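run.tsv follows; it contains TSV, C-alpha atoms.
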chain	number	residue	atom	x	y	z
A	1	MET	CA	0.00	0.00	0.00
A	2	ARG	CA	2.89	2.35	0.83
A	3	SER	CA	4.52	1.80	-2.53
A	4	ARG	CA	1.22	2.47	-4.25
A	5	LEU	CA	0.97	5.79	-2.51
A	6	ARG	CA	4.48	6.58	-3.63
A	7	ASN	CA	3.66	5.57	-7.21
A	8	ASP	CA	0.52	7.71	-7.14
A	9	ILE	CA	2.49	10.72	-6.01
A	10	LEU	CA	5.08	10.06	-8.72
A	11	LEU	CA	2.38	9.69	-11.38
A	12	ILE	CA	0.50	12.82	-10.39
A	13	SER	CA	3.58	14.97	-9.95
A	14	SER	CA	5.02	13.89	-13.30
A	15	ILE	CA	1.81	14.94	-15.04
A	16	ALA	CA	1.88	18.23	-13.15
A	17	LEU	CA	5.51	18.65	-14.15
A	18	ALA	CA	4.61	18.00	-17.80
A	19	ALA	CA	1.95	20.71	-17.52
A	20	ALA	CA	4.52	23.13	-16.11
A	21	LEU	CA	6.98	22.30	-18.89
A	22	ILE	CA	4.38	22.81	-21.61
A	23	PHE	CA	3.45	26.10	-20.01
A	24	ALA	CA	7.10	27.21	-19.89
A	25	ALA	CA	7.75	26.10	-23.46
A	26	GLY	CA	4.66	27.97	-24.59
A	27	ALA	CA	5.72	31.12	-22.79
A	28	ILE	CA	9.18	31.03	-24.35
A	29	PHE	CA	7.84	30.19	-27.80
A	30	ARG	CA	5.34	32.99	-27.63
A	31	HIS	CA	8.01	35.57	-27.01
A	32	THR	CA	10.28	34.39	-29.78
A	33	LYS	CA	7.47	34.21	-32.30
A	34	LYS	CA	7.32	37.24	-34.59
A	35	GLY	CA	4.29	38.49	-36.43
A	36	GLU	CA	4.32	39.84	-39.95
A	37	THR	CA	2.06	42.85	-40.10
A	38	VAL	CA	1.17	45.78	-37.87
A	39	GLU	CA	-2.52	46.55	-38.17
A	40	VAL	CA	-3.71	49.93	-36.98
A	41	THR	CA	-7.37	50.63	-36.36
A	42	LEU	CA	-8.89	53.98	-35.51
A	43	GLY	CA	-12.29	54.00	-33.86
A	44	GLY	CA	-12.70	50.33	-34.75
A	45	GLU	CA	-12.06	50.92	-38.45
A	46	HIS	CA	-9.04	49.90	-40.43
A	47	TYR	CA	-6.54	52.74	-40.64
A	48	ALA	CA	-3.23	51.29	-41.86
A	49	SER	CA	-1.22	48.09	-42.29
A	50	LEU	CA	2.55	48.12	-42.13
A	51	PRO	CA	5.12	45.34	-42.46
A	52	LEU	CA	6.79	44.59	-39.13
A	53	SER	CA	10.08	43.85	-40.84
A	54	GLN	CA	10.56	47.40	-42.08
A	55	ASP	CA	11.44	50.31	-39.82
A	56	ALA	CA	8.79	53.00	-40.12
A	57	GLU	CA	7.03	55.86	-38.41
A	58	LEU	CA	3.33	56.56	-38.64
A	59	ASP	CA	1.53	59.60	-37.35
A	60	ILE	CA	-2.00	58.47	-36.53
A	61	GLU	CA	-4.16	61.57	-37.02
A	62	GLY	CA	-1.95	63.49	-34.61
A	63	LEU	CA	-3.21	61.25	-31.78
A	64	CYS	CA	-0.17	59.06	-31.40
A	65	LEU	CA	3.07	58.34	-33.13
A	66	LEU	CA	3.65	54.70	-33.99
A	67	LYS	CA	7.21	53.54	-34.54
A	68	ILE	CA	8.43	50.24	-35.93
A	69	GLU	CA	12.03	49.43	-35.14
A	70	ASN	CA	13.95	46.15	-35.35
A	71	GLY	CA	10.80	44.12	-35.86
A	72	GLU	CA	9.02	45.64	-32.88
A	73	ALA	CA	6.20	48.15	-32.80
A	74	TYR	CA	5.62	50.72	-30.10
A	75	VAL	CA	3.91	54.03	-29.53
A	76	ALA	CA	6.54	56.73	-29.15
A	77	GLU	CA	4.30	59.70	-28.45
A	78	ALA	CA	0.68	60.27	-27.63
A	79	VAL	CA	-1.37	63.35	-26.95
A	80	CYS	CA	-3.41	61.76	-24.20
A	81	ARG	CA	-2.86	62.51	-20.54
A	82	ASN	CA	-2.17	59.07	-19.07
A	83	GLN	CA	0.41	57.89	-21.65
A	84	ILE	CA	-0.42	54.23	-21.06
A	85	CYS	CA	0.22	53.29	-24.68
A	86	VAL	CA	3.59	54.99	-24.63
A	87	ARG	CA	4.62	53.04	-21.54
A	88	HIS	CA	3.48	49.73	-23.05
A	89	ARG	CA	6.45	47.55	-23.94
A	90	PRO	CA	7.17	47.06	-27.67
A	91	ILE	CA	5.08	44.33	-29.28
A	92	SER	CA	6.06	41.78	-31.91
A	93	ALA	CA	4.17	38.50	-31.34
A	94	PRO	CA	1.00	37.76	-33.33
A	95	GLY	CA	-2.05	38.81	-31.36
A	96	GLU	CA	-0.31	41.37	-29.16
A	97	VAL	CA	-2.04	44.74	-28.99
A	98	ILE	CA	-1.31	48.26	-27.81
A	99	ILE	CA	-4.43	50.28	-27.24
A	100	CYS	CA	-4.83	54.00	-26.77
A	101	LEU	CA	-8.30	54.36	-25.32
A	102	PRO	CA	-8.67	58.16	-25.45
A	103	GLY	CA	-7.64	58.18	-29.11
A	104	ARG	CA	-9.57	54.94	-29.85
A	105	VAL	CA	-6.45	53.65	-31.55
A	106	ALA	CA	-5.51	49.97	-31.54
A	107	VAL	CA	-2.21	48.64	-32.81
A	108	ARG	CA	-2.29	44.89	-33.35
A	109	ILE	CA	0.30	42.44	-34.64
A	110	SER	CA	-1.03	39.90	-37.11
A	111	GLY	CA	0.31	37.32	-39.50
A	112	GLY	CA	1.90	33.96	-38.97
A	113	PRO	CA	0.11	31.33	-36.95
A	114	ASP	CA	-1.95	32.97	-34.25
A	115	PHE	CA	-0.39	31.60	-31.11
A	116	VAL	CA	-1.84	33.97	-28.59
A	117	VAL	CA	-5.17	32.79	-27.28
B	1	MET	CA	-20.37	-13.45	-11.57
B	2	LYS	CA	-23.64	-14.77	-12.90
B	3	LYS	CA	-24.73	-13.39	-16.24
B	4	THR	CA	-28.00	-11.96	-14.99
B	5	ARG	CA	-26.28	-10.26	-12.09
B	6	ARG	CA	-23.71	-8.79	-14.45
B	7	ILE	CA	-26.41	-7.46	-16.77
B	8	ALA	CA	-28.30	-5.96	-13.86
B	9	LEU	CA	-25.19	-4.33	-12.46
B	10	LEU	CA	-24.27	-2.93	-15.90
B	11	GLY	CA	-27.74	-1.46	-16.32
B	12	LEU	CA	-27.56	0.06	-12.87
B	13	LEU	CA	-24.17	1.60	-13.53
B	14	VAL	CA	-25.29	3.06	-16.87
B	15	ALA	CA	-28.35	4.56	-15.21
B	16	VAL	CA	-26.39	6.12	-12.34
B	17	CYS	CA	-23.79	7.28	-14.82
B	18	PHE	CA	-26.41	9.04	-16.88
B	19	VAL	CA	-28.00	10.70	-13.86
B	20	LEU	CA	-24.56	11.98	-12.81
B	21	SER	CA	-23.99	13.35	-16.32
B	22	TYR	CA	-27.29	15.15	-16.08
B	23	ILE	CA	-26.56	16.58	-12.64
B	24	GLU	CA	-23.27	17.91	-13.92
B	25	PHE	CA	-24.98	19.37	-16.93
B	26	LEU	CA	-27.02	21.47	-14.51
B	27	ILE	CA	-24.01	22.84	-12.62
B	28	PRO	CA	-22.50	25.83	-14.44
B	29	PHE	CA	-18.80	25.14	-13.91
B	30	THR	CA	-18.00	27.44	-16.80
B	31	SER	CA	-19.00	30.40	-14.65
B	32	LEU	CA	-15.95	29.70	-12.48
B	33	GLY	CA	-13.88	31.22	-15.25
B	34	VAL	CA	-12.36	28.12	-16.81
B	35	PRO	CA	-14.44	27.15	-19.84
B	36	GLY	CA	-15.15	23.48	-20.39
B	37	ILE	CA	-14.14	22.33	-16.93
B	38	LYS	CA	-16.19	19.81	-14.99
B	39	ILE	CA	-15.56	17.12	-12.41
B	40	GLY	CA	-16.72	14.28	-14.63
B	41	LEU	CA	-18.57	12.46	-11.86
B	42	ALA	CA	-19.95	10.02	-14.40
B	43	ASN	CA	-16.49	8.56	-14.64
B	44	VAL	CA	-16.94	7.16	-11.13
B	45	CYS	CA	-19.44	4.74	-12.68
B	46	VAL	CA	-17.12	3.81	-15.50
B	47	MET	CA	-14.40	3.14	-12.96
B	48	ALA	CA	-16.78	1.18	-10.78
B	49	ALA	CA	-17.53	-1.00	-13.81
B	50	LEU	CA	-13.82	-1.42	-14.42
B	51	TRP	CA	-13.11	-2.46	-10.84
B	52	LEU	CA	-16.21	-4.57	-10.24
B	53	LEU	CA	-16.54	-6.20	-13.67
B	54	GLY	CA	-13.71	-5.60	-16.10
B	55	PRO	CA	-12.36	-3.60	-19.05
B	56	VAL	CA	-14.98	-4.70	-21.58
B	57	ASP	CA	-17.86	-3.80	-19.27
B	58	ALA	CA	-16.25	-0.47	-18.40
B	59	ALA	CA	-16.00	0.30	-22.12
B	60	ALA	CA	-19.65	-0.66	-22.52
B	61	VAL	CA	-20.76	1.66	-19.71
B	62	ASN	CA	-18.60	4.45	-21.09
B	63	LEU	CA	-19.97	4.09	-24.63
B	64	ALA	CA	-23.54	3.92	-23.38
B	65	ARG	CA	-23.00	7.07	-21.33
B	66	ILE	CA	-21.49	8.98	-24.26
B	67	PHE	CA	-24.18	7.82	-26.66
B	68	LEU	CA	-27.00	8.69	-24.24
B	69	SER	CA	-25.54	12.13	-23.62
B	70	TRP	CA	-25.42	12.71	-27.33
B	71	LEU	CA	-29.07	11.74	-27.70
B	72	VAL	CA	-30.24	13.89	-24.82
B	73	PHE	CA	-27.96	16.92	-24.86
B	74	GLY	CA	-27.79	16.66	-28.63
B	75	SER	CA	-24.51	18.08	-29.77
B	76	PHE	CA	-22.44	16.13	-32.25
B	77	THR	CA	-19.23	18.00	-31.47
B	78	GLY	CA	-19.83	17.29	-27.80
B	79	PHE	CA	-20.20	13.64	-28.75
B	80	LEU	CA	-16.85	13.66	-30.53
B	81	TYR	CA	-15.17	15.38	-27.59
B	82	SER	CA	-16.60	12.86	-25.15
B	83	LEU	CA	-15.65	9.94	-27.35
B	84	ALA	CA	-12.02	11.03	-27.67
B	85	GLY	CA	-11.69	11.92	-24.01
B	86	GLY	CA	-13.52	8.81	-22.86
B	87	ALA	CA	-11.52	6.44	-25.05
B	88	LEU	CA	-8.16	7.90	-24.05
B	89	SER	CA	-8.91	8.01	-20.34
B	90	LEU	CA	-10.38	4.50	-20.27
B	91	ALA	CA	-7.40	3.07	-22.15
B	92	LEU	CA	-5.05	4.68	-19.65
B	93	MET	CA	-7.11	3.47	-16.70
B	94	ILE	CA	-7.08	-0.11	-17.97
B	95	LEU	CA	-3.32	0.01	-18.46
B	96	LEU	CA	-2.55	1.58	-15.10
B	97	LYS	CA	-4.91	-0.74	-13.26
B	98	LYS	CA	-3.40	-3.77	-14.95
B	99	SER	CA	0.06	-2.71	-13.83
B	100	GLY	CA	-1.19	-3.04	-10.26
B	101	ARG	CA	1.08	-0.28	-9.09
B	102	PHE	CA	-1.38	2.51	-8.55
B	103	SER	CA	-4.32	3.18	-6.26
B	104	PRO	CA	-7.73	4.26	-7.62
B	105	VAL	CA	-6.93	7.87	-6.74
B	106	GLY	CA	-3.74	7.93	-8.79
B	107	ILE	CA	-5.34	6.11	-11.71
B	108	SER	CA	-8.35	8.39	-11.69
B	109	ALA	CA	-6.21	11.55	-11.55
B	110	ALA	CA	-4.14	10.41	-14.53
B	111	ALA	CA	-7.32	9.44	-16.38
B	112	GLY	CA	-8.77	12.89	-15.78
B	113	ALA	CA	-5.70	14.48	-17.32
B	114	ALA	CA	-5.85	12.03	-20.25
B	115	HIS	CA	-9.52	12.79	-20.78
B	116	ASN	CA	-8.80	16.49	-21.16
B	117	CYS	CA	-5.88	15.75	-23.50
B	118	GLY	CA	-8.16	13.76	-25.78
B	119	GLN	CA	-10.76	16.52	-25.80
B	120	LEU	CA	-8.22	19.19	-26.54
B	121	PHE	CA	-6.81	17.10	-29.37
B	122	VAL	CA	-10.24	16.84	-30.98
B	123	ALA	CA	-10.80	20.56	-30.46
B	124	ALA	CA	-7.45	21.35	-32.10
B	125	VAL	CA	-8.29	19.15	-35.09
B	126	LEU	CA	-11.87	20.44	-35.44
B	127	THR	CA	-11.00	24.12	-35.17
B	128	ASN	CA	-7.63	23.70	-36.87
B	129	THR	CA	-5.92	25.87	-34.26
B	130	ALA	CA	-2.55	25.00	-32.81
B	131	ALA	CA	-3.11	27.89	-30.39
B	132	LEU	CA	-5.17	25.60	-28.20
B	133	TRP	CA	-1.99	23.99	-26.89
B	134	TYR	CA	-1.65	26.95	-24.61
B	135	TYR	CA	-4.67	25.67	-22.80
B	136	LEU	CA	-3.17	22.23	-22.22
B	137	PRO	CA	-1.37	22.95	-18.91
B	138	VAL	CA	-4.60	24.31	-17.40
B	139	LEU	CA	-6.55	21.32	-18.64
B	140	LEU	CA	-3.95	18.84	-17.36
B	141	LEU	CA	-3.99	20.32	-13.87
B	142	CYS	CA	-7.78	20.57	-13.75
B	143	GLY	CA	-8.02	16.99	-15.01
B	144	LEU	CA	-5.68	15.82	-12.25
B	145	ALA	CA	-7.70	17.59	-9.57
B	146	ALA	CA	-11.07	16.44	-10.85
B	147	GLY	CA	-9.77	12.91	-11.35
B	148	ALA	CA	-8.39	12.78	-7.83
B	149	VAL	CA	-11.81	13.78	-6.47
B	150	ASN	CA	-13.41	10.97	-8.48
B	151	GLY	CA	-10.76	8.56	-7.26
B	152	ILE	CA	-11.52	9.39	-3.64
B	153	ILE	CA	-15.22	8.85	-4.29
B	154	LEU	CA	-14.44	5.53	-5.97
B	155	THR	CA	-12.29	4.39	-3.05
B	156	ALA	CA	-15.11	5.16	-0.64
B	157	LEU	CA	-17.57	3.40	-2.92
B	158	LEU	CA	-15.45	0.27	-3.34
B	159	SER	CA	-14.78	-0.12	0.38
B	160	ARG	CA	-18.53	-0.01	1.02
B	161	LEU	CA	-19.27	-2.44	-1.79
B	162	HIS	CA	-16.68	-4.89	-0.48
B	163	ARG	CA	-18.53	-4.92	2.80
B	164	GLY	CA	-21.81	-5.75	1.08
B	165	GLU	CA	-23.02	-9.13	-0.03
B	166	GLY	CA	-23.02	-10.61	-3.47
B	167	THR	CA	-19.76	-9.02	-4.46
B	168	ASP	CA	-17.71	-12.03	-3.46
B	169	ASN	CA	-15.72	-12.09	-6.68
B	170	VAL	CA	-14.84	-8.44	-6.50
B	171	GLU	CA	-11.13	-8.20	-6.53
B	172	LYS	CA	-9.46	-6.10	-3.90
B	173	SER	CA	-8.63	-2.66	-5.17
Translate the structure of the given file into structure tokens.
Amino acid sequence: MRSRLRNDILLISSIALAAALIFAAGAIFRHTKKGETVEVTLGGEHYASLPLSQDAELDIEGLCLLKIENGEAYVAEAVCRNQICVRHRPISAPGEVIICLPGRVAVRISGGPDFVV
Amino acid sequence: MKKTRRIALLGLLVAVCFVLSYIEFLIPFTSLGVPGIKIGLANVCVMAALWLLGPVDAAAVNLARIFLSWLVFGSFTGFLYSLAGGALSLALMILLKKSGRFSPVGISAAAGAAHNCGQLFVAAVLTNTAALWYYLPVLLLCGLAAGAVNGIILTALLSRLHRGEGTDNVEKS
């Protein structure tokens, strides 16, 4: 009976360990995965699409300034008071979004397999 | 075990199994924030069949449960999910039980995790999304927890059944 208990604990903890490993692998994979396109929407409507691979600057109606550098997109300047979008870290993985609520601007990475749930 | 007794016991297990499925259908586990999670109490019956009768009878109870759920709750995708999860978990249970190295709680916990793996696999194939793999760790852990609960219930059930009469050829768990 004792050895069964030990086996049970081994069995359960190895499955839990597998879950942890898959989670870790997923987290690492997600951050190394690059998207292809930067989609900008303004007030819910499509505004612009830019390739993530090319450095660029985009002034979105004077509301915020989007910059693409080294395969990462970020908001460099914004006219709003709280500056949340400016403080957001640069995004590059498919599905990642930077949102400027006051300006109703959303910057989303798309392309490649969508790995972010 | 006499044939009539076996048939009666199988019918009983299928009936209880189905009632448990229905009770779970009424409990909104999804509102807890993890979609698709449930305890899977019906599996206690499948396990009871496996311990009291054998692998073939357990498979019969499991199939009957899945088929009945399909007829009553009426979703074909749900049927496919149940079938994949049920088949995988039962196969694992049979193997682990045969090895004789694990207690019902351990076997049930592993089976719960296997059940969720099977379901996720079907979901990934049906929706053609690899992204679902991110959900696997959550499902594995929930499956373990739910399975352990079922295993504890089964242990309690078996110890009571062993005390009863007419279960003389029940092997010790």
Requested in this report: Write out as a VMD selection string each polymer residue whose atoms come within 7 Å of stretch 7-14 of chain B, counting all atoms listed in the file; drop sequence neighbours fewer than 6 positions from it.
Outcome: chain B and resid 45 61 64 to 65
Query - Residues within 6 Å of A:Thr37, only C-alpha atoms, excluding chain neighbours under 2 positions, as a VMD selection string - result: chain A and resid 50 to 52 109 to 111
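Our summary of the geometry notes that atom CA of A:Glu77 is positioned 10.3 Å from atom CA of A:Ile60.
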Please list, as a PDB file with C-alpha atoms, in the frame of the given file, the residues that have an atom at most 9 Å away from (0.9, 21.7, -16.7) in the coordinates of this file, counting only C-alpha atoms.
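Result file is selection.pdb:
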ATOM      1  CA  ILE A  15       1.810  14.940 -15.040  1.00  0.00           C
ATOM      2  CA  ALA A  16       1.880  18.230 -13.150  1.00  0.00           C
ATOM      3  CA  LEU A  17       5.510  18.650 -14.150  1.00  0.00           C
ATOM      4  CA  ALA A  18       4.610  18.000 -17.800  1.00  0.00           C
ATOM      5  CA  ALA A  19       1.950  20.710 -17.520  1.00  0.00           C
ATOM      6  CA  ALA A  20       4.520  23.130 -16.110  1.00  0.00           C
ATOM      7  CA  LEU A  21       6.980  22.300 -18.890  1.00  0.00           C
ATOM      8  CA  ILE A  22       4.380  22.810 -21.610  1.00  0.00           C
ATOM      9  CA  PHE A  23       3.450  26.100 -20.010  1.00  0.00           C
ATOM     10  CA  ALA A  24       7.100  27.210 -19.890  1.00  0.00           C
TER      11      ALA A  24
ATOM     12  CA  LEU B 136      -3.170  22.230 -22.220  1.00  0.00           C
ATOM     13  CA  PRO B 137      -1.370  22.950 -18.910  1.00  0.00           C
ATOM     14  CA  VAL B 138      -4.600  24.310 -17.400  1.00  0.00           C
ATOM     15  CA  LEU B 139      -6.550  21.320 -18.640  1.00  0.00           C
ATOM     16  CA  LEU B 140      -3.950  18.840 -17.360  1.00  0.00           C
ATOM     17  CA  LEU B 141      -3.990  20.320 -13.870  1.00  0.00           C
TER      18      LEU B 141
END
Query - Residues within 12 Å of (-7.6, 55.3, -37.8), counting all atoms listed in the file, listed as a count of residues only - result: 25
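Proximity of B:Ser108, B:Asn116, B:Ser82, B:Asn150 to A:Ile12, computed with only C-alpha atoms, is greatest for B:Ser108.
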Between chain B and chain A, at 8 Å or less, what are the per-residue closest atom pairs and their distances in Å? Count only C-alpha atoms, order by chain and rising residue number, and return it as a tab-separated table.
residue	atom	partner	partner_atom	distance
B:Arg101	CA	A:Arg4	CA	5.6
B:Phe102	CA	A:Arg4	CA	5.0
B:Ser103	CA	A:Arg4	CA	5.9
B:Val105	CA	A:Asp8	CA	7.5
B:Gly106	CA	A:Asp8	CA	4.6
B:Ile107	CA	A:Asp8	CA	7.6
B:Ala109	CA	A:Ile12	CA	6.9
B:Ala110	CA	A:Ile12	CA	6.7
B:Ala113	CA	A:Ile15	CA	7.9
B:Ala130	CA	A:Phe115	CA	7.1
B:Ala131	CA	A:Phe115	CA	4.7
B:Leu132	CA	A:Val117	CA	7.2
B:Tyr134	CA	A:Gly26	CA	6.4
B:Leu136	CA	A:Ala19	CA	7.1
B:Pro137	CA	A:Ala19	CA	4.2
B:Val138	CA	A:Ala19	CA	7.5
B:Leu140	CA	A:Ala19	CA	6.2
B:Leu141	CA	A:Ala16	CA	6.3
B:Leu144	CA	A:Ile12	CA	7.1
Requested in this report: Please provide the set of residues having any atom within 10 Å of stretch 88-100 of chain B, restricted to all atoms listed in the file, with same-chain residues fewer than 4 positions apart removed, written as number ranges by chain.
Outcome: A: 4; B: 43, 46-47, 50-51, 54-56, 58-59, 62, 82-84, 104, 106-119, 173
Save the residues we just selected, C-alpha atoms, as a compact mmCIF listing (two decimals), in the frame of the given file?
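Result written to result.txt:
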# COMPACT_ATOMS: atom_id res chain seq x y z
CA ARG A 4 1.22 2.47 -4.25
CA ASN B 43 -16.49 8.56 -14.64
CA VAL B 46 -17.12 3.81 -15.50
CA MET B 47 -14.40 3.14 -12.96
CA LEU B 50 -13.82 -1.42 -14.42
CA TRP B 51 -13.11 -2.46 -10.84
CA GLY B 54 -13.71 -5.60 -16.10
CA PRO B 55 -12.36 -3.60 -19.05
CA VAL B 56 -14.98 -4.70 -21.58
CA ALA B 58 -16.25 -0.47 -18.40
CA ALA B 59 -16.00 0.30 -22.12
CA ASN B 62 -18.60 4.45 -21.09
CA SER B 82 -16.60 12.86 -25.15
CA LEU B 83 -15.65 9.94 -27.35
CA ALA B 84 -12.02 11.03 -27.67
CA PRO B 104 -7.73 4.26 -7.62
CA GLY B 106 -3.74 7.93 -8.79
CA ILE B 107 -5.34 6.11 -11.71
CA SER B 108 -8.35 8.39 -11.69
CA ALA B 109 -6.21 11.55 -11.55
CA ALA B 110 -4.14 10.41 -14.53
CA ALA B 111 -7.32 9.44 -16.38
CA GLY B 112 -8.77 12.89 -15.78
CA ALA B 113 -5.70 14.48 -17.32
CA ALA B 114 -5.85 12.03 -20.25
CA HIS B 115 -9.52 12.79 -20.78
CA ASN B 116 -8.80 16.49 -21.16
CA CYS B 117 -5.88 15.75 -23.50
CA GLY B 118 -8.16 13.76 -25.78
CA GLN B 119 -10.76 16.52 -25.80
CA SER B 173 -8.63 -2.66 -5.17
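Note that atom CA of B:Leu52 and atom CA of B:Val72 are 27.4 Å apart.
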Query raised in the report: When you draw a straight line from atom CA of A:Asn70 to atom CA of B:Trp133, how long is it in Å?
Result: 28.6 Å
Box centre and edge lengths (Å, one decimal), axis-aligned, stretch 72-85 of chain A plus 3 Å each side, as AutoDock Vina command-line options:
--center_x 2.8 --center_y 54.5 --center_z -26.0 --size_x 18.4 --size_y 23.7 --size_z 19.8
Query - Nearest to A:Gly95 by atom-to-atom distance, counting all atoms listed in the file, from A:Arg2, A:Gln54, A:Phe29, A:Lys34 - result: A:Lys34
